[in-house]
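Trainee: This is the structure I want to talk about, given as structure tokens.
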Amino acid sequence: MENIRKLLDNKLFSQSFAPEADLNAQLENAKLIAQLYSRLENCISVLSDMKARRSYIYYGAVAERLGIHKREAEINSIWEDELLSRIHAEDLQKKYRLEFQFFQLLNSIEGAERPDYRVVTKLRIRNREGKQLLLEHRLLYISSSAEGTAWLALCLYNIIYDHPEFGVPKGVILNTRTGAIIDPEDRSFAEILSTREKEIMQLIKLGRRSKEIAEKLSLSIHTVNRHRQNIFQKLNVTNALEACRVADGMGVL
């Protein structure tokens with residue numbers, strides 16, 4: 001399963017409005033952090049600006065081992081497709097599900113606790129020759145926007161070395177302050193959408209328009225459109241195509 005989209009714009013922090021200059025300074029500092037990680041760990045470091053839908057990618061030596069052209073890049077997406085397209089389908093789904101629960105967790109706890117949490121995931125990936133390697137993926141939440149929504153997040157990708165002492169969990173949320181480990185359960189994903197929203201989502205997958213859905217379910221077009229917007233909001237997507245990909249990828253339906 002390649003190029004699954006799951007935008008993760010959940011409200012995480014509550015903070016006062018910051019001047020534009022301060023926000024620009026935060027972004028520049030975050031870029032330096034991402035660049036330093038790539039150099040110190042030789043990893044691939046991806047800083048995602050989830051509000052602007054833009055990512056800044058910094059390539060350490062790991063990129064060469066994966067057969068990815070080593071270059072700094074700025075892309076108009078929060079999805080590093082050149083890398084994600086090589087990840088095993090099952091692991092990619094696991095990654096997206098875990099990230100979704102990660103942001104849900106952050107939204108449910110006090111702001112002071114949120115920087116303590118991160119995601120750690122083991123991923124299977126193909127190099128240029130098609131050989132399967134293991135990657136350690138870490139997701140760190142850096143900052144929120146002035147409106148209180150998730151803004152900057154950092155993904156780090158590094159090789160897991162073939163040695164018995166290098167162990168990485170298949171996928172957990174970790175509290176680095178207390179050492180507590182959260183092992184999320186998949187069953188919660190089936191409850192993201194209500195029964196009615198699942199019905200409408202199924203019809204959207206079949207290519208039905210709002211008018212057709214309204215007639216089939218004996219609802220008003222206004223009600224159907226309201227359900228559509230609720231679905232898009234819950235899945236954090238902007239259109240029906242993305243909603244279908246996300247729902248399939250996360251096993252919602």
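Following the order of the structure tokens, chains are lettered A, B, ..., residues in each are numbered from 1, and ligands are numbered from 1.
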If you run DSSP over the backbone, which residues in range 67-172 of chain A end up strand (DSSP E)? Put them as an NGL selection string.
Mentor: :A and (73-75 or 117-126 or 132-144 or 150-159 or 171-172)
Trainee: Write the residues you've just listed into a file as a compact mmCIF listing (two decimals), in the first residue's frame, and include N, CA and C atoms for each of them.
Mentor:
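Written file, out-v9.txt:
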# COMPACT_ATOMS: atom_id res chain seq x y z
N ALA A 73 16.28 19.07 0.40
CA ALA A 73 15.14 19.33 -0.44
C ALA A 73 14.03 19.98 0.36
N GLU A 74 13.28 20.81 -0.31
CA GLU A 74 12.06 21.39 0.24
C GLU A 74 10.93 20.98 -0.70
N ILE A 75 9.94 20.29 -0.16
CA ILE A 75 8.85 19.80 -0.99
C ILE A 75 7.53 20.35 -0.50
N TYR A 117 6.65 12.90 24.88
CA TYR A 117 6.23 11.72 24.14
C TYR A 117 6.79 11.70 22.72
N ARG A 118 7.03 10.50 22.24
CA ARG A 118 7.45 10.31 20.86
C ARG A 118 7.04 8.93 20.39
N VAL A 119 7.06 8.73 19.10
CA VAL A 119 6.74 7.44 18.49
C VAL A 119 8.04 6.79 18.05
N VAL A 120 8.13 5.47 18.29
CA VAL A 120 9.27 4.68 17.79
C VAL A 120 8.70 3.48 17.05
N THR A 121 9.10 3.31 15.80
CA THR A 121 8.54 2.26 14.96
C THR A 121 9.64 1.56 14.16
N LYS A 122 9.48 0.24 14.01
CA LYS A 122 10.37 -0.55 13.16
C LYS A 122 9.71 -0.74 11.80
N LEU A 123 10.43 -0.42 10.73
CA LEU A 123 9.87 -0.47 9.38
C LEU A 123 10.75 -1.29 8.45
N ARG A 124 10.09 -2.10 7.62
CA ARG A 124 10.81 -2.79 6.55
C ARG A 124 10.82 -1.91 5.31
N ILE A 125 11.99 -1.81 4.67
CA ILE A 125 12.12 -0.94 3.51
C ILE A 125 13.02 -1.57 2.46
N ARG A 126 12.75 -1.29 1.20
CA ARG A 126 13.56 -1.79 0.09
C ARG A 126 14.61 -0.76 -0.29
N GLN A 132 15.63 -6.01 1.25
CA GLN A 132 14.89 -5.48 2.39
C GLN A 132 15.82 -5.16 3.55
N LEU A 133 15.70 -3.95 4.07
CA LEU A 133 16.45 -3.51 5.24
C LEU A 133 15.46 -3.11 6.32
N LEU A 134 15.96 -2.92 7.54
CA LEU A 134 15.11 -2.47 8.64
C LEU A 134 15.47 -1.04 9.01
N LEU A 135 14.43 -0.23 9.20
CA LEU A 135 14.60 1.16 9.59
C LEU A 135 14.01 1.39 10.97
N GLU A 136 14.65 2.25 11.73
CA GLU A 136 14.04 2.81 12.93
C GLU A 136 13.45 4.16 12.56
N HIS A 137 12.16 4.33 12.84
CA HIS A 137 11.48 5.60 12.58
C HIS A 137 11.11 6.22 13.92
N ARG A 138 11.44 7.49 14.10
CA ARG A 138 11.04 8.23 15.30
C ARG A 138 10.27 9.47 14.89
N LEU A 139 9.20 9.73 15.59
CA LEU A 139 8.41 10.94 15.37
C LEU A 139 8.45 11.79 16.62
N LEU A 140 8.91 13.02 16.48
CA LEU A 140 9.01 13.96 17.59
C LEU A 140 8.13 15.16 17.28
N TYR A 141 7.32 15.56 18.24
CA TYR A 141 6.49 16.75 18.06
C TYR A 141 7.26 17.96 18.57
N ILE A 142 7.36 18.99 17.75
CA ILE A 142 8.21 20.12 18.09
C ILE A 142 7.43 21.34 18.54
N SER A 143 6.41 21.74 17.77
CA SER A 143 5.77 23.01 18.07
C SER A 143 4.35 23.05 17.54
N SER A 144 3.56 23.98 18.12
CA SER A 144 2.20 24.20 17.65
C SER A 144 2.11 25.57 16.99
N ALA A 150 -1.41 21.42 15.57
CA ALA A 150 -0.09 20.84 15.32
C ALA A 150 0.57 21.58 14.16
N TRP A 151 1.83 21.95 14.35
CA TRP A 151 2.52 22.75 13.34
C TRP A 151 3.77 22.05 12.82
N LEU A 152 4.74 21.85 13.68
CA LEU A 152 6.01 21.28 13.26
C LEU A 152 6.23 19.91 13.89
N ALA A 153 6.56 18.93 13.07
CA ALA A 153 6.88 17.58 13.54
C ALA A 153 8.12 17.10 12.83
N LEU A 154 8.91 16.31 13.52
CA LEU A 154 10.18 15.83 12.97
C LEU A 154 10.18 14.31 12.89
N CYS A 155 10.41 13.77 11.71
CA CYS A 155 10.57 12.33 11.52
C CYS A 155 12.03 12.02 11.25
N LEU A 156 12.55 11.00 11.93
CA LEU A 156 13.94 10.57 11.78
C LEU A 156 13.98 9.12 11.35
N TYR A 157 14.72 8.83 10.29
CA TYR A 157 14.83 7.47 9.76
C TYR A 157 16.29 7.04 9.78
N ASN A 158 16.55 5.89 10.44
CA ASN A 158 17.91 5.38 10.49
C ASN A 158 17.91 3.87 10.35
N ILE A 159 19.02 3.32 9.90
CA ILE A 159 19.17 1.88 9.72
C ILE A 159 19.24 1.19 11.08
N GLY A 171 6.44 -0.98 17.23
CA GLY A 171 5.74 0.29 17.20
C GLY A 171 5.15 0.64 18.55
N VAL A 172 5.68 1.69 19.19
CA VAL A 172 5.17 2.10 20.50
C VAL A 172 5.22 3.62 20.59
Trainee: To test your reading of the structure, identify every residue in range 13-222 of chain A that backbone DSSP assigns to helix (DSSP H, G or I), and report it as a PyMOL selection string.
Mentor: chain A and resi 20-41+62-66+81-84+89-108+114-116+186-191+195-205+210-217+221-222
Trainee: Write the residues of the preceding selection, restricted to C-alpha atoms, as a PDB file, in the first residue's frame.
Mentor:
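Below is the file part_37.pdb, written as the result:
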ATOM      1  CA  GLU A  20       4.985  36.386  12.818  1.00  0.00           C
ATOM      2  CA  ALA A  21       8.664  37.082  13.448  1.00  0.00           C
ATOM      3  CA  ASP A  22       8.650  34.685  16.406  1.00  0.00           C
ATOM      4  CA  LEU A  23       7.011  31.966  14.314  1.00  0.00           C
ATOM      5  CA  ASN A  24       9.603  32.426  11.582  1.00  0.00           C
ATOM      6  CA  ALA A  25      12.361  32.152  14.180  1.00  0.00           C
ATOM      7  CA  GLN A  26      10.815  28.927  15.516  1.00  0.00           C
ATOM      8  CA  LEU A  27      10.729  27.482  12.006  1.00  0.00           C
ATOM      9  CA  GLU A  28      14.363  28.395  11.343  1.00  0.00           C
ATOM     10  CA  ASN A  29      15.419  26.862  14.668  1.00  0.00           C
ATOM     11  CA  ALA A  30      13.483  23.687  13.834  1.00  0.00           C
ATOM     12  CA  LYS A  31      15.281  23.493  10.471  1.00  0.00           C
ATOM     13  CA  LEU A  32      18.628  23.687  12.260  1.00  0.00           C
ATOM     14  CA  ILE A  33      17.558  20.901  14.631  1.00  0.00           C
ATOM     15  CA  ALA A  34      16.528  18.695  11.697  1.00  0.00           C
ATOM     16  CA  GLN A  35      19.785  19.386   9.881  1.00  0.00           C
ATOM     17  CA  LEU A  36      21.864  18.625  12.974  1.00  0.00           C
ATOM     18  CA  TYR A  37      20.080  15.299  13.502  1.00  0.00           C
ATOM     19  CA  SER A  38      20.882  14.247   9.933  1.00  0.00           C
ATOM     20  CA  ARG A  39      24.542  15.096  10.408  1.00  0.00           C
ATOM     21  CA  LEU A  40      25.000  13.690  13.917  1.00  0.00           C
ATOM     22  CA  GLU A  41      23.127  10.433  13.301  1.00  0.00           C
ATOM     23  CA  VAL A  62      21.565   6.367   5.354  1.00  0.00           C
ATOM     24  CA  ALA A  63      20.181   7.807   2.120  1.00  0.00           C
ATOM     25  CA  GLU A  64      23.127   6.367   0.176  1.00  0.00           C
ATOM     26  CA  ARG A  65      22.522   2.902   1.634  1.00  0.00           C
ATOM     27  CA  LEU A  66      18.911   3.104   0.536  1.00  0.00           C
ATOM     28  CA  ASP A  81       7.143   9.869  -1.046  1.00  0.00           C
ATOM     29  CA  GLU A  82      10.555   8.788  -2.292  1.00  0.00           C
ATOM     30  CA  LEU A  83      11.089   7.112   1.057  1.00  0.00           C
ATOM     31  CA  LEU A  84       7.519   6.118   1.972  1.00  0.00           C
ATOM     32  CA  ALA A  89       2.616  -1.906   3.052  1.00  0.00           C
ATOM     33  CA  GLU A  90       1.822  -3.450   6.444  1.00  0.00           C
ATOM     34  CA  ASP A  91       4.465  -1.354   8.158  1.00  0.00           C
ATOM     35  CA  LEU A  92       3.278   1.812   6.445  1.00  0.00           C
ATOM     36  CA  GLN A  93      -0.245   1.214   7.726  1.00  0.00           C
ATOM     37  CA  LYS A  94       1.139   0.550  11.211  1.00  0.00           C
ATOM     38  CA  LYS A  95       3.135   3.774  11.043  1.00  0.00           C
ATOM     39  CA  TYR A  96       0.109   5.869  10.097  1.00  0.00           C
ATOM     40  CA  ARG A  97      -2.126   4.266  12.724  1.00  0.00           C
ATOM     41  CA  LEU A  98       0.433   4.802  15.462  1.00  0.00           C
ATOM     42  CA  GLU A  99       0.940   8.425  14.462  1.00  0.00           C
ATOM     43  CA  PHE A 100      -2.814   8.996  14.532  1.00  0.00           C
ATOM     44  CA  GLN A 101      -3.030   7.651  18.076  1.00  0.00           C
ATOM     45  CA  PHE A 102       0.040   9.648  19.038  1.00  0.00           C
ATOM     46  CA  PHE A 103      -1.629  12.926  18.141  1.00  0.00           C
ATOM     47  CA  GLN A 104      -4.845  11.821  19.819  1.00  0.00           C
ATOM     48  CA  LEU A 105      -2.833  11.187  22.985  1.00  0.00           C
ATOM     49  CA  LEU A 106      -1.178  14.588  22.836  1.00  0.00           C
ATOM     50  CA  ASN A 107      -4.584  16.196  22.469  1.00  0.00           C
ATOM     51  CA  SER A 108      -5.742  14.548  25.698  1.00  0.00           C
ATOM     52  CA  ARG A 114       3.380  16.691  25.471  1.00  0.00           C
ATOM     53  CA  PRO A 115       7.068  17.209  24.573  1.00  0.00           C
ATOM     54  CA  ASP A 116       7.913  14.078  26.604  1.00  0.00           C
ATOM     55  CA  ASP A 186      -5.840  -1.268  16.720  1.00  0.00           C
ATOM     56  CA  ARG A 187      -9.479  -1.759  17.642  1.00  0.00           C
ATOM     57  CA  SER A 188      -9.989   1.944  18.366  1.00  0.00           C
ATOM     58  CA  PHE A 189      -9.620   2.772  14.681  1.00  0.00           C
ATOM     59  CA  ALA A 190     -12.883   1.051  13.829  1.00  0.00           C
ATOM     60  CA  GLU A 191     -14.629   3.577  16.089  1.00  0.00           C
ATOM     61  CA  THR A 195     -22.265   4.048  11.770  1.00  0.00           C
ATOM     62  CA  ARG A 196     -23.906   6.691   9.567  1.00  0.00           C
ATOM     63  CA  GLU A 197     -20.545   8.153   8.586  1.00  0.00           C
ATOM     64  CA  LYS A 198     -19.336   4.687   7.590  1.00  0.00           C
ATOM     65  CA  GLU A 199     -22.422   4.246   5.412  1.00  0.00           C
ATOM     66  CA  ILE A 200     -21.736   7.544   3.694  1.00  0.00           C
ATOM     67  CA  MET A 201     -18.042   6.769   3.388  1.00  0.00           C
ATOM     68  CA  GLN A 202     -18.836   3.474   1.652  1.00  0.00           C
ATOM     69  CA  LEU A 203     -21.019   5.312  -0.863  1.00  0.00           C
ATOM     70  CA  ILE A 204     -18.332   7.943  -1.382  1.00  0.00           C
ATOM     71  CA  LYS A 205     -15.937   5.095  -2.208  1.00  0.00           C
ATOM     72  CA  SER A 210     -24.109  13.948  -2.225  1.00  0.00           C
ATOM     73  CA  LYS A 211     -27.459  14.046  -4.034  1.00  0.00           C
ATOM     74  CA  GLU A 212     -27.304  10.304  -4.777  1.00  0.00           C
ATOM     75  CA  ILE A 213     -26.259   9.503  -1.207  1.00  0.00           C
ATOM     76  CA  ALA A 214     -29.100  11.649   0.145  1.00  0.00           C
ATOM     77  CA  GLU A 215     -31.656   9.808  -1.985  1.00  0.00           C
ATOM     78  CA  LYS A 216     -30.344   6.364  -1.075  1.00  0.00           C
ATOM     79  CA  LEU A 217     -30.240   7.046   2.673  1.00  0.00           C
ATOM     80  CA  ILE A 221     -28.326  17.030   0.956  1.00  0.00           C
ATOM     81  CA  HIS A 222     -27.470  19.419   3.800  1.00  0.00           C
TER      82      HIS A 222
END
Trainee: Do you have the CA of Asn230 in chain A-CA of Ile78 in chain A distance handy?
Mentor: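 According to the coordinates, CA of Asn230 in chain A and CA of Ile78 in chain A are separated by 22.2 Å.
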Trainee: What separation in Å, quoted to one decimal, exists between CA of Pro169 in chain A and CA of Trp79 in chain A?
Mentor: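 Atom-to-atom, CA of Pro169 in chain A and CA of Trp79 in chain A are spaced 23.0 Å apart.
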Trainee: How many Å separate CA of Tyr161 in chain A from CA of Lys131 in chain A?
Mentor: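 Interatomic distance, CA of Tyr161 in chain A to CA of Lys131 in chain A: 14.5 Å.
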Trainee: Counting only C-alpha atoms, figure out which residue out of A:Leu219, A:Leu174, A:Ile192, A:Leu47 gets nearest to Val252 in chain A.
Mentor: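 Ranking A:Leu219, A:Leu174, A:Ile192, A:Leu47 by distance to Val252 in chain A, first place goes to A:Ile192.
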